[in-house]
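Shown next, in structure tokens, is the structure this report addresses.
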Amino acid sequence: MKQDKELRNQLVALLTVRQAHVDFTDAIADFPAEHINTKAPHCSYSFWHLVEHMRICQKDILEYITSDYYVWPNFPDDLWPEQGTTTTLEGWQHSLEQFSSDRQHLVN
């Protein structure tokens, strides 16, 4: 049990503590709204696609560990929004809020 508790503490720290990387909250803080659908150089996905991918994958992990009826997603189609899609500022905010909410469920 002690090892399980320590592993859980380490996993929670990876999700919530600023360590050797920028945490999610810092990464999206003051992100310019005009660039949510912009693609970084040499990248096939927009910034929103990347955030949405992270949200979808994190949600999948949450469902895997909490659901008695987990269904494996089809890789990679179920883990990414379609490349040609864009979002609105409301859609961006929804993705951010869902990511944060699901992360909180993982931590608890």
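Ligands are numbered from 1 in the order shown, chains are lettered A, B, ... in the order of the structure tokens, and residues start at 1 in each chain.
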
Open item on the list: Residues within 12 Å of stretch 31-43 of chain A, please, as a PyMOL selection string. Count only C-alpha atoms; anything in the same chain fewer than 3 positions from it doesn't count.
Closed with: chain A and resi 24-28+46-52+83-93+95-96

Task: stretch 17-90 of chain A: residues DSSP assigns to alpha helix (DSSP H), reported as a PyMOL selection string - done: chain A and resi 24-28+47-66+89-90

Based on the selection just made, write N, CA and C atoms of those residues as a short mmCIF file (atom, residue, chain, number, x, y, z; two decimals), in the first residue's frame.
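The new file out-v4.cif reads:
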data_model
loop_
_atom_site.label_atom_id
_atom_site.label_comp_id
_atom_site.auth_asym_id
_atom_site.auth_seq_id
_atom_site.Cartn_x
_atom_site.Cartn_y
_atom_site.Cartn_z
N PHE A 24 0.08 22.90 -17.71
CA PHE A 24 -0.97 23.22 -18.68
C PHE A 24 -1.50 24.63 -18.47
N THR A 25 -1.76 24.99 -17.24
CA THR A 25 -2.33 26.31 -16.95
C THR A 25 -1.41 27.42 -17.43
N ASP A 26 -0.12 27.29 -17.19
CA ASP A 26 0.84 28.29 -17.66
C ASP A 26 0.92 28.31 -19.19
N ALA A 27 0.85 27.14 -19.79
CA ALA A 27 0.99 27.05 -21.24
C ALA A 27 -0.15 27.74 -21.98
N ILE A 28 -1.34 27.71 -21.41
CA ILE A 28 -2.49 28.31 -22.10
C ILE A 28 -2.84 29.71 -21.58
N PHE A 47 -3.29 24.85 -32.82
CA PHE A 47 -3.14 24.85 -31.37
C PHE A 47 -4.38 24.25 -30.71
N TRP A 48 -5.57 24.56 -31.25
CA TRP A 48 -6.78 23.95 -30.70
C TRP A 48 -6.78 22.44 -30.90
N HIS A 49 -6.34 21.96 -32.08
CA HIS A 49 -6.26 20.52 -32.30
C HIS A 49 -5.39 19.86 -31.23
N LEU A 50 -4.26 20.48 -30.89
CA LEU A 50 -3.36 19.91 -29.89
C LEU A 50 -4.00 19.88 -28.51
N VAL A 51 -4.66 20.97 -28.14
CA VAL A 51 -5.35 21.01 -26.85
C VAL A 51 -6.48 19.98 -26.83
N GLU A 52 -7.23 19.91 -27.89
CA GLU A 52 -8.35 18.97 -27.96
C GLU A 52 -7.84 17.53 -27.93
N HIS A 53 -6.72 17.26 -28.57
CA HIS A 53 -6.11 15.93 -28.52
C HIS A 53 -5.73 15.57 -27.08
N MET A 54 -5.12 16.51 -26.39
CA MET A 54 -4.76 16.27 -24.98
C MET A 54 -6.02 16.02 -24.14
N ARG A 55 -7.06 16.79 -24.39
CA ARG A 55 -8.32 16.62 -23.65
C ARG A 55 -8.92 15.24 -23.91
N ILE A 56 -8.97 14.85 -25.16
CA ILE A 56 -9.54 13.56 -25.54
C ILE A 56 -8.73 12.42 -24.91
N CYS A 57 -7.41 12.49 -24.99
CA CYS A 57 -6.56 11.43 -24.43
C CYS A 57 -6.68 11.35 -22.92
N GLN A 58 -6.71 12.50 -22.27
CA GLN A 58 -6.85 12.50 -20.81
C GLN A 58 -8.22 11.94 -20.41
N LYS A 59 -9.26 12.30 -21.15
CA LYS A 59 -10.61 11.77 -20.90
C LYS A 59 -10.61 10.26 -21.09
N ASP A 60 -9.90 9.78 -22.08
CA ASP A 60 -9.80 8.35 -22.32
C ASP A 60 -9.14 7.64 -21.13
N ILE A 61 -8.08 8.22 -20.61
CA ILE A 61 -7.41 7.64 -19.43
C ILE A 61 -8.37 7.61 -18.25
N LEU A 62 -9.08 8.70 -18.04
CA LEU A 62 -10.04 8.79 -16.94
C LEU A 62 -11.12 7.72 -17.08
N GLU A 63 -11.65 7.56 -18.28
CA GLU A 63 -12.67 6.54 -18.50
C GLU A 63 -12.11 5.14 -18.31
N TYR A 64 -10.88 4.92 -18.75
CA TYR A 64 -10.23 3.61 -18.62
C TYR A 64 -10.13 3.19 -17.15
N ILE A 65 -9.79 4.14 -16.29
CA ILE A 65 -9.58 3.76 -14.88
C ILE A 65 -10.85 3.85 -14.04
N THR A 66 -11.93 4.42 -14.58
CA THR A 66 -13.14 4.57 -13.76
C THR A 66 -14.35 3.82 -14.28
N LEU A 89 -14.02 30.75 -30.12
CA LEU A 89 -13.47 31.06 -28.81
C LEU A 89 -14.22 30.28 -27.73
N GLU A 90 -15.53 30.09 -27.89
CA GLU A 90 -16.32 29.31 -26.94
C GLU A 90 -15.88 27.85 -26.95
#
